[in-house]
$ cat upload29.cif   # mmCIF, C-alpha atoms
data_coords
#
loop_
_atom_site.label_atom_id
_atom_site.label_comp_id
_atom_site.auth_asym_id
_atom_site.auth_seq_id
_atom_site.Cartn_x
_atom_site.Cartn_y
_atom_site.Cartn_z
CA MET A 1 22.95 8.69 98.30
CA ASP A 2 25.26 5.71 98.25
CA GLU A 3 23.05 3.93 100.75
CA LYS A 4 19.98 4.47 98.58
CA ARG A 5 21.80 3.15 95.53
CA PHE A 6 22.94 0.12 97.49
CA VAL A 7 19.37 -0.61 98.59
CA VAL A 8 18.07 -0.17 95.04
CA ALA A 9 20.84 -2.42 93.67
CA LEU A 10 20.12 -5.04 96.31
CA PHE A 11 16.42 -4.94 95.47
CA GLY A 12 17.26 -5.22 91.77
CA LEU A 13 19.43 -8.28 92.42
CA ALA A 14 16.61 -9.90 94.38
CA VAL A 15 14.12 -9.25 91.57
CA ALA A 16 16.62 -10.56 89.00
CA PHE A 17 17.14 -13.70 91.08
CA VAL A 18 13.40 -14.38 91.33
CA ALA A 19 12.89 -13.69 87.62
CA GLY A 20 15.81 -15.97 86.75
CA TYR A 21 14.41 -18.74 88.93
CA VAL A 22 10.99 -18.49 87.26
CA ALA A 23 12.62 -18.50 83.81
CA TYR A 24 14.67 -21.56 84.82
CA ARG A 25 11.53 -23.41 85.92
CA PHE A 26 9.85 -22.69 82.58
CA VAL A 27 12.93 -22.76 80.37
CA ALA A 28 11.37 -25.32 77.99
CA PRO A 29 8.27 -23.30 76.92
CA LEU A 30 10.31 -20.07 76.88
CA THR A 31 12.87 -21.68 74.57
CA VAL A 32 10.17 -22.97 72.23
CA ALA A 33 8.59 -19.50 72.29
CA VAL A 34 11.86 -17.92 71.16
CA PHE A 35 12.12 -20.51 68.39
CA LEU A 36 8.57 -19.79 67.22
CA TYR A 37 9.18 -16.04 67.41
CA TYR A 38 12.19 -16.13 65.11
CA SER A 39 10.51 -18.70 62.86
CA THR A 40 7.45 -16.52 62.26
CA ARG A 41 8.88 -12.99 62.54
CA ARG A 42 9.56 -12.61 58.82
CA PHE A 43 6.01 -13.60 57.96
CA TYR A 44 4.72 -11.23 60.67
CA HIS A 45 6.59 -8.26 59.19
CA ARG A 46 5.62 -9.13 55.61
CA LEU A 47 1.96 -8.89 56.59
CA GLU A 48 2.50 -5.17 57.21
CA ARG A 49 1.99 -4.53 53.49
CA PHE A 50 -1.69 -5.44 53.96
CA ARG A 51 -2.02 -2.80 56.72
CA LEU A 52 -3.34 -5.31 59.23
CA PRO A 53 -3.27 -4.55 62.98
CA ALA A 54 -0.34 -5.95 64.89
CA ARG A 55 -2.53 -8.29 66.93
CA VAL A 56 -4.12 -9.76 63.79
CA ARG A 57 -0.72 -10.27 62.19
CA ALA A 58 0.55 -11.99 65.35
CA VAL A 59 -2.42 -14.37 65.41
CA MET A 60 -1.99 -15.16 61.72
CA SER A 61 1.74 -15.79 62.19
CA LEU A 62 1.12 -18.18 65.07
CA SER A 63 -1.59 -19.93 63.07
CA LEU A 64 0.94 -20.51 60.29
CA ILE A 65 2.71 -23.05 62.53
CA GLY A 66 0.18 -23.82 65.24
CA VAL A 67 -2.82 -24.86 63.15
CA PRO A 68 -0.94 -27.28 60.83
CA LEU A 69 0.94 -28.75 63.80
CA ILE A 70 -2.23 -29.30 65.84
CA GLY A 71 -3.94 -30.76 62.78
CA LEU A 72 -1.02 -33.10 62.15
CA VAL A 73 -0.94 -34.33 65.75
CA SER A 74 -4.73 -34.77 65.87
CA TYR A 75 -4.80 -36.62 62.56
CA THR A 76 -1.98 -38.89 63.75
CA LEU A 77 -3.80 -39.73 66.99
CA VAL A 78 -7.03 -40.49 65.15
CA LEU A 79 -5.22 -42.81 62.74
CA LEU A 80 -3.45 -44.55 65.63
CA ILE A 81 -6.77 -45.18 67.36
CA LEU A 82 -8.37 -46.47 64.15
CA GLU A 83 -5.41 -48.71 63.37
CA ALA A 84 -5.32 -50.04 66.94
CA ARG A 85 -9.01 -50.86 66.75
CA ARG A 86 -8.52 -52.57 63.37
CA PHE A 87 -5.61 -54.54 64.82
CA ILE A 88 -7.72 -55.72 67.78
CA GLU A 89 -10.53 -56.77 65.43
CA THR A 90 -8.18 -58.56 63.01
CA TYR A 91 -5.93 -60.39 65.46
CA PRO A 92 -6.96 -62.26 68.66
CA VAL A 93 -5.26 -59.84 71.02
CA ALA A 94 -7.37 -60.72 74.03
CA ASP A 95 -6.81 -64.45 73.52
CA THR A 96 -3.09 -63.94 73.02
CA ILE A 97 -2.59 -62.16 76.33
CA GLY A 98 -4.85 -64.66 78.05
CA ALA A 99 -6.96 -62.10 79.83
CA GLU A 100 -10.64 -62.85 79.34
CA ASN A 101 -11.73 -60.17 81.77
CA SER A 102 -9.12 -57.61 80.78
CA VAL A 103 -9.84 -54.15 79.47
CA ILE A 104 -8.83 -55.22 75.96
CA GLY A 105 -11.02 -58.27 76.13
CA ASP A 106 -14.03 -56.24 77.24
CA LEU A 107 -13.54 -53.55 74.66
CA ALA A 108 -12.90 -56.05 71.87
CA GLU A 109 -16.46 -57.29 72.26
CA LEU A 110 -17.73 -53.85 71.30
CA SER A 111 -16.73 -53.86 67.65
CA ASN A 112 -19.26 -51.23 66.47
CA PRO A 113 -20.97 -50.01 69.63
CA THR A 114 -24.09 -47.85 69.59
CA ALA A 115 -25.18 -45.49 72.34
CA ASP A 116 -27.55 -48.08 73.80
CA GLU A 117 -24.86 -50.78 73.75
CA LEU A 118 -22.38 -48.48 75.49
CA LEU A 119 -24.95 -47.63 78.17
CA ALA A 120 -25.78 -51.31 78.67
CA ALA A 121 -22.09 -52.20 78.87
CA TYR A 122 -21.55 -49.51 81.49
CA ARG A 123 -24.48 -50.70 83.60
CA SER A 124 -23.29 -54.30 83.41
CA GLY A 125 -19.86 -53.29 84.74
CA GLN A 126 -18.03 -54.00 81.50
CA PHE A 127 -16.16 -50.69 81.77
CA ASP A 128 -15.22 -51.14 85.44
CA PRO A 129 -11.62 -52.31 84.72
CA LEU A 130 -11.07 -49.28 82.48
CA ILE A 131 -12.61 -46.93 85.04
CA ASP A 132 -10.44 -48.43 87.80
CA LEU A 133 -7.32 -48.04 85.65
CA VAL A 134 -8.10 -44.40 84.91
CA SER A 135 -8.90 -43.72 88.56
CA GLU A 136 -5.60 -45.19 89.72
CA GLN A 137 -3.67 -43.01 87.29
CA ALA A 138 -5.90 -39.95 87.65
CA SER A 139 -3.38 -37.83 89.55
CA LEU A 140 -0.56 -38.62 87.13
CA LEU A 141 -2.80 -38.01 84.13
CA ALA A 142 -4.12 -34.74 85.56
CA SER A 143 -0.65 -33.43 86.39
CA THR A 144 0.67 -34.39 82.95
CA LEU A 145 -2.21 -32.77 81.07
CA SER A 146 -2.14 -29.64 83.25
CA GLY A 147 1.62 -29.35 82.76
CA LEU A 148 1.27 -29.65 78.99
CA ALA A 149 -1.57 -27.12 78.93
CA LEU A 150 0.43 -24.66 81.06
CA ASN A 151 3.55 -24.99 78.91
CA LEU A 152 1.48 -24.58 75.75
CA LEU A 153 -0.20 -21.47 77.17
CA ILE A 154 3.15 -19.95 78.16
CA THR A 155 4.59 -20.68 74.72
CA ILE A 156 1.65 -19.07 72.89
CA VAL A 157 1.46 -15.99 75.13
CA VAL A 158 5.22 -15.32 75.09
CA THR A 159 5.47 -15.79 71.32
CA TYR A 160 2.44 -13.55 70.75
CA TYR A 161 3.84 -10.67 72.79
CA LEU A 162 7.34 -11.11 71.39
CA LEU A 163 5.89 -10.57 67.94
CA ILE A 164 3.97 -7.48 69.05
CA ASP A 165 6.47 -5.90 71.47
CA GLY A 166 9.76 -7.44 70.35
CA SER A 167 10.92 -4.15 68.85
CA ARG A 168 10.23 -2.33 72.12
CA PHE A 169 12.24 -4.88 74.07
CA HIS A 170 15.04 -4.54 71.54
CA SER A 171 15.03 -0.75 71.93
CA TRP A 172 15.09 -1.08 75.71
CA LEU A 173 18.16 -3.29 75.55
CA LEU A 174 19.87 -0.78 73.26
CA SER A 175 19.33 1.92 75.88
CA PHE A 176 22.24 0.33 77.80
CA ASP A 177 24.54 0.84 74.81
CA ASP A 178 28.16 1.74 75.48
CA ASP A 179 30.34 2.82 72.57
CA ALA A 180 28.07 0.88 70.16
CA VAL A 181 29.26 -2.48 71.54
CA VAL A 182 25.86 -3.50 72.85
CA ARG A 183 24.11 -2.34 69.68
CA GLU A 184 26.48 -4.22 67.40
CA TYR A 185 26.24 -7.40 69.44
CA LEU A 186 22.45 -7.37 69.79
CA GLU A 187 21.79 -6.59 66.14
CA THR A 188 24.25 -9.21 64.92
CA ALA A 189 22.91 -11.86 67.32
CA ASP A 190 19.32 -11.00 66.40
CA ASP A 191 19.98 -11.38 62.67
CA GLU A 192 21.87 -14.64 63.11
CA LEU A 193 19.22 -16.14 65.41
CA GLU A 194 16.56 -15.37 62.85
CA ALA A 195 18.65 -16.91 60.09
CA VAL A 196 19.35 -20.11 62.06
CA LEU A 197 15.92 -20.68 63.61
CA TYR A 198 14.00 -19.60 60.53
CA GLY A 199 16.26 -21.97 58.61
CA ASN A 200 15.07 -24.79 60.89
CA LEU A 201 11.50 -24.15 59.84
CA LEU A 202 12.42 -24.03 56.15
CA ASN A 203 14.36 -27.28 56.56
CA VAL A 204 11.32 -29.02 58.07
CA ILE A 205 9.07 -27.79 55.26
CA ALA A 206 11.52 -28.71 52.50
CA ILE A 207 12.21 -32.22 53.82
CA GLY A 208 8.50 -32.77 54.44
CA ILE A 209 7.71 -31.94 50.80
CA ILE A 210 10.55 -34.16 49.54
CA ALA A 211 9.38 -37.05 51.73
CA VAL A 212 5.74 -36.74 50.63
CA VAL A 213 6.69 -36.74 46.94
CA THR A 214 9.08 -39.68 47.46
CA TYR A 215 6.55 -41.78 49.36
CA LEU A 216 3.78 -41.10 46.85
CA GLY A 217 6.17 -42.00 44.02
CA TYR A 218 7.05 -45.25 45.74
CA ASN A 219 3.38 -46.16 46.19
CA ALA A 220 2.81 -45.53 42.49
CA VAL A 221 5.17 -48.37 41.51
CA ALA A 222 4.98 -50.72 44.49
CA PRO A 223 2.42 -53.56 44.85
CA ALA A 224 -0.49 -52.99 47.20
CA ALA A 225 0.96 -55.41 49.78
CA VAL A 226 4.03 -53.22 50.35
CA GLU A 227 2.55 -49.75 49.93
CA ILE A 228 3.31 -47.05 52.51
CA PRO A 229 0.23 -46.45 54.67
CA TYR A 230 -0.82 -42.79 54.70
CA PRO A 231 2.14 -41.50 52.65
CA THR A 232 1.22 -37.82 53.08
CA LEU A 233 1.09 -38.13 56.86
CA ALA A 234 4.32 -40.16 56.89
CA GLY A 235 6.05 -37.49 54.80
CA ALA A 236 4.90 -34.68 57.10
CA LEU A 237 6.10 -36.61 60.16
CA THR A 238 9.43 -37.20 58.41
CA GLY A 239 9.85 -33.44 58.01
CA VAL A 240 9.12 -32.83 61.68
CA ALA A 241 11.46 -35.66 62.69
CA SER A 242 14.30 -33.95 60.82
CA LEU A 243 14.62 -31.62 63.82
CA ILE A 244 15.85 -34.53 65.95
CA PRO A 245 19.63 -34.85 65.73
CA VAL A 246 21.49 -38.00 64.62
CA ILE A 247 18.50 -40.35 64.28
CA GLY A 248 16.17 -37.73 62.76
CA MET A 249 14.02 -39.07 59.92
CA LYS A 250 15.05 -42.65 60.67
CA ILE A 251 12.43 -42.84 63.43
CA VAL A 252 9.80 -42.58 60.70
CA TYR A 253 10.93 -44.50 57.64
CA ILE A 254 12.57 -47.43 59.48
CA PRO A 255 9.36 -48.30 61.41
CA ILE A 256 7.45 -47.96 58.13
CA ALA A 257 9.79 -50.48 56.50
CA ALA A 258 9.44 -52.79 59.51
CA ALA A 259 5.64 -52.54 59.38
CA MET A 260 5.71 -53.54 55.71
CA SER A 261 8.17 -56.40 56.27
CA VAL A 262 6.51 -58.19 59.20
CA PRO A 263 3.32 -59.26 57.35
CA LEU A 264 5.43 -60.45 54.42
CA ALA A 265 7.61 -62.55 56.71
CA LEU A 266 4.57 -64.04 58.45
CA ASP A 267 2.91 -64.90 55.14
CA GLY A 268 6.14 -66.28 53.69
CA ASP A 269 6.02 -63.99 50.67
CA LEU A 270 9.67 -62.95 50.82
CA SER A 271 9.90 -61.93 47.17
CA LEU A 272 8.21 -58.60 47.92
CA LEU A 273 10.95 -57.71 50.40
CA VAL A 274 12.85 -56.38 47.39
CA TYR A 275 10.43 -53.45 47.29
CA VAL A 276 10.97 -52.82 51.00
CA ALA A 277 14.74 -52.80 50.48
CA GLY A 278 14.26 -50.40 47.56
CA PHE A 279 12.12 -48.13 49.74
CA LEU A 280 14.81 -48.05 52.41
CA ALA A 281 17.50 -47.25 49.84
CA VAL A 282 15.44 -44.42 48.35
CA ALA A 283 14.56 -43.05 51.79
CA VAL A 284 18.19 -43.06 52.94
CA VAL A 285 19.50 -41.40 49.79
CA VAL A 286 16.71 -39.11 48.58
CA VAL A 287 14.99 -38.17 51.85
CA ASP A 288 17.82 -38.37 54.39
CA THR A 289 21.28 -37.95 52.87
CA ILE A 290 20.88 -35.60 49.89
CA PRO A 291 18.72 -32.98 51.69
CA ASP A 292 21.12 -33.02 54.63
CA ILE A 293 24.09 -32.34 52.34
CA VAL A 294 22.45 -29.92 49.93
CA LEU A 295 19.80 -28.04 51.93
CA ARG A 296 21.29 -27.78 55.42
CA PRO A 297 24.13 -25.43 54.35
CA TYR A 298 21.53 -23.08 52.90
CA PHE A 299 19.51 -23.10 56.11
CA SER A 300 22.38 -23.00 58.62
CA GLY A 301 22.47 -19.22 59.02
CA LYS A 302 24.68 -16.43 57.75
CA THR A 303 27.93 -16.99 59.66
CA THR A 304 27.36 -19.93 62.02
CA HIS A 305 29.49 -22.91 61.03
CA VAL A 306 27.46 -25.91 59.91
CA GLY A 307 29.58 -28.38 61.89
CA LEU A 308 29.21 -26.44 65.14
CA LEU A 309 25.49 -26.14 64.55
CA MET A 310 25.20 -29.90 64.04
CA LEU A 311 27.11 -30.51 67.28
CA ALA A 312 24.74 -28.14 69.06
CA TYR A 313 21.76 -30.15 67.79
CA ILE A 314 23.42 -33.36 69.00
CA PHE A 315 24.63 -32.21 72.43
CA GLY A 316 21.64 -29.98 73.22
CA PRO A 317 19.07 -32.71 73.95
CA VAL A 318 21.69 -34.73 75.84
CA VAL A 319 22.58 -31.86 78.17
CA PHE A 320 19.30 -29.96 78.53
CA GLY A 321 16.63 -32.47 77.56
CA PHE A 322 14.30 -32.26 74.59
CA HIS A 323 14.09 -28.45 74.65
CA GLY A 324 17.87 -28.45 74.23
CA LEU A 325 17.13 -29.09 70.56
CA PHE A 326 16.16 -25.40 70.40
CA LEU A 327 18.19 -24.03 73.33
CA ALA A 328 21.63 -25.27 72.27
CA PRO A 329 21.60 -23.50 68.85
CA ILE A 330 20.51 -20.28 70.58
CA ILE A 331 23.38 -20.53 73.07
CA LEU A 332 25.82 -21.32 70.25
CA VAL A 333 24.74 -18.30 68.20
CA LEU A 334 24.91 -15.97 71.22
CA ALA A 335 28.37 -17.26 72.15
CA LEU A 336 29.83 -17.08 68.64
CA THR A 337 28.36 -13.63 68.04
CA PHE A 338 29.80 -12.38 71.32
CA ALA A 339 33.22 -13.74 70.35
CA ASP A 340 33.03 -12.08 66.92
CA THR A 341 31.82 -8.66 68.11
CA ALA A 342 31.79 -7.65 71.77
CA LEU A 343 34.76 -9.74 72.94
CA LEU A 344 37.11 -8.17 70.40
CA ARG A 345 36.05 -4.68 71.45
CA LEU A 346 36.45 -5.51 75.12
CA LEU A 347 39.98 -6.76 74.43
CA GLY A 348 40.82 -3.58 72.57
CA VAL A 349 40.96 -5.21 69.13
CA GLU A 350 39.13 -3.64 66.23
CA PRO A 351 37.09 -6.32 64.46
CA ASP A 352 37.25 -6.78 60.72
CA SER A 353 34.46 -5.69 58.43
CA GLY A 354 32.70 -8.97 59.13
CA PRO A 355 33.28 -12.62 59.93
CA GLU A 356 34.68 -14.59 57.05
CA ILE A 357 32.51 -17.24 55.49
CA SER A 358 34.08 -20.44 54.30
CA ALA A 359 34.05 -21.18 50.58
CA GLY A 360 31.48 -23.96 50.86
CA GLN A 361 29.23 -22.10 53.31
CA ARG A 362 25.93 -20.91 51.88
CA GLN A 363 23.84 -18.10 53.32
CA LEU A 364 20.11 -18.18 53.90
CA ASP A 365 19.61 -15.01 51.85
CA GLU A 366 21.02 -16.80 48.79
CA PHE A 367 18.24 -19.40 48.84
#
$ encode --input "upload29.cif" --output "structure tokens"
Amino acid sequence: MDEKRFVVALFGLAVAFVAGYVAYRFVAPLTVAVFLYYSTRRFYHRLERFRLPARVRAVMSLSLIGVPLIGLVSYTLVLLILEARRFIETYPVADTIGAENSVIGDLAELSNPTADELLAAYRSGQFDPLIDLVSEQASLLASTLSGLALNLLITIVVTYYLLIDGSRFHSWLLSFDDDAVVREYLETADDELEAVLYGNLLNVIAIGIIAVVTYLGYNAVAPAAVEIPYPTLAGALTGVASLIPVIGMKIVYIPIAAAMSVPLALDGDLSLLVYVAGFLAVAVVVVDTIPDIVLRPYFSGKTTHVGLLMLAYIFGPVVFGFHGLFLAPIILVLALTFADTALLRLLGVEPDSGPEISAGQRQLDEF
């Protein structure tokens, strides 16, 4: 009997090792999937009042984030292409780089190409430099696109089945309960993860709305020469950028200010730089500082300290890469919850009725 148990345990360890290795290889999409699961779980459960099937509710919950995000990225790419084309038509890019036969020079000649002009340009070899460039980078481009598609597929599938079967997985974990320690830890960690990660989503939405209103208000009073291009898009990108620690929204409104200042400096019209300075001041105070002070405590979770959470957002990408932006808060919540619940029981200390919350700490449920 002992030999059979040893063989089964050895087999279990081997399976756990393989599963852990696979999870390690795909830790980025799995982490994003956990973030999306906790971000959309409340909406998924609230759809139960309409008596919709679980699969329909899961698809609708994923669409809540996926469709706007895909639309935002697609719209941004289209605008970048249009602006790049307008820049090539306005400024002598090909002459500046001194490449008469370059890809830019060839494409610049096709200002408004028709189907016949494109076919004629292809037959004349005008697209050969571009074709050669794509061919040389084909393997890198294919591997990058296939990697992105695979990670996106894993994220969607894992999030979908977490929404549908998350309760079953939770019940399976509770089957290993021992003196209610496992149950208390899992339930506390589950609630806190939802509060923290759902708070991230609310923070993005709130800052995005504030940024859109601020940018539209600025355009209403600023001269046409220093207006913010595409203020709605810029505000939405500002909200998404708020997820990035330290620099955050600065990667959006500082380039906007630079883009408005460069033409003024080239034209010598420095008087309008006052509006650019005013935009920067408003963006720093209204969009960046005040929401970070006022809103973040509301969205930081029930018991997780705001300062520790901020450090997790800062150190996570440094240690783990970009997905550390989502992984580090998860690790922090799991560690703090273990210290508050299971660790005390394991040391033979009866925990208090609940972790104390500092006087200035707000809870997500109060919002």
$ resolve_selection --input "upload29.cif" --expression "the PyMOL selection byres ((chain A and resi 243) around 10)" --output "JSON, numbers by chain"
{"A": [200, 201, 203, 204, 238, 239, 240, 241, 242, 244, 245, 246, 247, 248, 249, 313, 325, 326]}
$ write_last_selection --input "upload29.cif" --atoms "C-alpha atoms" --output "PDB file, in the coordinates of the input"
ATOM      1  CA  ASN A 200      15.070 -24.790  60.890  1.00  0.00           C
ATOM      2  CA  LEU A 201      11.500 -24.150  59.840  1.00  0.00           C
ATOM      3  CA  ASN A 203      14.360 -27.280  56.560  1.00  0.00           C
ATOM      4  CA  VAL A 204      11.320 -29.020  58.070  1.00  0.00           C
ATOM      5  CA  THR A 238       9.430 -37.200  58.410  1.00  0.00           C
ATOM      6  CA  GLY A 239       9.850 -33.440  58.010  1.00  0.00           C
ATOM      7  CA  VAL A 240       9.120 -32.830  61.680  1.00  0.00           C
ATOM      8  CA  ALA A 241      11.460 -35.660  62.690  1.00  0.00           C
ATOM      9  CA  SER A 242      14.300 -33.950  60.820  1.00  0.00           C
ATOM     10  CA  ILE A 244      15.850 -34.530  65.950  1.00  0.00           C
ATOM     11  CA  PRO A 245      19.630 -34.850  65.730  1.00  0.00           C
ATOM     12  CA  VAL A 246      21.490 -38.000  64.620  1.00  0.00           C
ATOM     13  CA  ILE A 247      18.500 -40.350  64.280  1.00  0.00           C
ATOM     14  CA  GLY A 248      16.170 -37.730  62.760  1.00  0.00           C
ATOM     15  CA  MET A 249      14.020 -39.070  59.920  1.00  0.00           C
ATOM     16  CA  TYR A 313      21.760 -30.150  67.790  1.00  0.00           C
ATOM     17  CA  LEU A 325      17.130 -29.090  70.560  1.00  0.00           C
ATOM     18  CA  PHE A 326      16.160 -25.400  70.400  1.00  0.00           C
TER      19      PHE A 326
END
$ residues_around --input "upload29.cif" --residues "segment 147-152 of chain A" --least-positions-apart "4" --cutoff "12 Å" --atoms "all atoms listed in the file" --output "number ranges by chain"
A: 25-33, 66, 70, 139-143, 156-159, 323
$ closest_residue --input "upload29.cif" --among "A:Ala335, A:Ile293, A:Val18, A:Ile210" --to "Ala312 of chain A" --atoms "all atoms listed in the file"
A:Ala335
$ residues_near_point --input "upload29.cif" --point "(23.5, -27.2, 78.7)" --cutoff "12 Å" --atoms "only C-alpha atoms" --output "PDB file with C-alpha atoms, keeping the file's coordinate frame"
ATOM      1  CA  VAL A  27      12.930 -22.760  80.370  1.00  0.00           C
ATOM      2  CA  ALA A 312      24.740 -28.140  69.060  1.00  0.00           C
ATOM      3  CA  TYR A 313      21.760 -30.150  67.790  1.00  0.00           C
ATOM      4  CA  ILE A 314      23.420 -33.360  69.000  1.00  0.00           C
ATOM      5  CA  PHE A 315      24.630 -32.210  72.430  1.00  0.00           C
ATOM      6  CA  GLY A 316      21.640 -29.980  73.220  1.00  0.00           C
ATOM      7  CA  PRO A 317      19.070 -32.710  73.950  1.00  0.00           C
ATOM      8  CA  VAL A 318      21.690 -34.730  75.840  1.00  0.00           C
ATOM      9  CA  VAL A 319      22.580 -31.860  78.170  1.00  0.00           C
ATOM     10  CA  PHE A 320      19.300 -29.960  78.530  1.00  0.00           C
ATOM     11  CA  GLY A 321      16.630 -32.470  77.560  1.00  0.00           C
ATOM     12  CA  PHE A 322      14.300 -32.260  74.590  1.00  0.00           C
ATOM     13  CA  HIS A 323      14.090 -28.450  74.650  1.00  0.00           C
ATOM     14  CA  GLY A 324      17.870 -28.450  74.230  1.00  0.00           C
ATOM     15  CA  LEU A 325      17.130 -29.090  70.560  1.00  0.00           C
ATOM     16  CA  PHE A 326      16.160 -25.400  70.400  1.00  0.00           C
ATOM     17  CA  LEU A 327      18.190 -24.030  73.330  1.00  0.00           C
ATOM     18  CA  ALA A 328      21.630 -25.270  72.270  1.00  0.00           C
ATOM     19  CA  PRO A 329      21.600 -23.500  68.850  1.00  0.00           C
ATOM     20  CA  ILE A 330      20.510 -20.280  70.580  1.00  0.00           C
ATOM     21  CA  ILE A 331      23.380 -20.530  73.070  1.00  0.00           C
ATOM     22  CA  LEU A 332      25.820 -21.320  70.250  1.00  0.00           C
TER      23      LEU A 332
END
$ closest_residue --input "upload29.cif" --among "A:Tyr275, A:Phe17, A:Phe338, A:Phe35" --to "Thr155 of chain A" --atoms "all atoms listed in the file"
A:Phe35
$ closest_residue --input "upload29.cif" --among "A:Ala16, A:Tyr160, A:Glu83, A:Ala9" --to "Leu62 of chain A" --atoms "only C-alpha atoms"
A:Tyr160
$ atom_distance --input "upload29.cif" --atom1 "atom CA of Met260 of chain A" --atom2 "atom CA of Leu79 of chain A"
16.9 Å
$ residues_around --input "upload29.cif" --residues "Thr337 of chain A" --least-positions-apart "6" --cutoff "7 Å" --atoms "all atoms listed in the file" --output "PyMOL selection string"
chain A and resi 185+188-189
$ axis_aligned_box --input "upload29.cif" --around "segment 25-38 of chain A" --padding-each-side "3 Å" --output "lines of an AutoDock Vina configuration file"
center_x = 10.6
center_y = -20.7
center_z = 75.5
size_x = 10.7
size_y = 15.3
size_z = 26.8
$ atom_distance --input "upload29.cif" --atom1 "atom CA of Val22 of chain A" --atom2 "atom CA of Ile154 of chain A"
12.1 Å
$ resolve_selection --input "upload29.cif" --expression "the PyMOL selection byres ((chain A and resi 227-237) around 7)" --output "ChimeraX atom specification"
/A:208,211-212,215-216,219,222-226,238-241
$ residues_around --input "upload29.cif" --residues "Arg57 of chain A" --least-positions-apart "2" --cutoff "12 Å" --atoms "only C-alpha atoms" --output "PyMOL selection string"
chain A and resi 40-55+59-64+160-161+163-164
$ residues_around --input "upload29.cif" --residues "Arg183 of chain A" --least-positions-apart "5" --cutoff "12 Å" --atoms "only C-alpha atoms" --output "list in words"
His170, Ser171, Trp172, Leu173, Leu174, Ser175, Phe176, Asp177, Asp178, Thr188, Ala189, Asp190, Phe338, Thr341 and Ala342 of chain A
$ write_last_selection --input "upload29.cif" --atoms "C-alpha atoms" --output "compact mmCIF listing (two decimals), in the coordinates of the input"
# COMPACT_ATOMS: atom_id res chain seq x y z
CA HIS A 170 15.04 -4.54 71.54
CA SER A 171 15.03 -0.75 71.93
CA TRP A 172 15.09 -1.08 75.71
CA LEU A 173 18.16 -3.29 75.55
CA LEU A 174 19.87 -0.78 73.26
CA SER A 175 19.33 1.92 75.88
CA PHE A 176 22.24 0.33 77.80
CA ASP A 177 24.54 0.84 74.81
CA ASP A 178 28.16 1.74 75.48
CA THR A 188 24.25 -9.21 64.92
CA ALA A 189 22.91 -11.86 67.32
CA ASP A 190 19.32 -11.00 66.40
CA PHE A 338 29.80 -12.38 71.32
CA THR A 341 31.82 -8.66 68.11
CA ALA A 342 31.79 -7.65 71.77
$ closest_residue --input "upload29.cif" --among "A:Leu69, A:Leu202, A:Val252, A:Val15" --to "Tyr38 of chain A" --atoms "only C-alpha atoms"
A:Leu202
$ atom_distance --input "upload29.cif" --atom1 "atom CA of Ala58 of chain A" --atom2 "atom CA of Leu295 of chain A"
28.4 Å
$ closest_residue --input "upload29.cif" --among "A:Val221, A:Ala339, A:Val213, A:Ala259" --to "Val286 of chain A" --atoms "only C-alpha atoms"
A:Val213
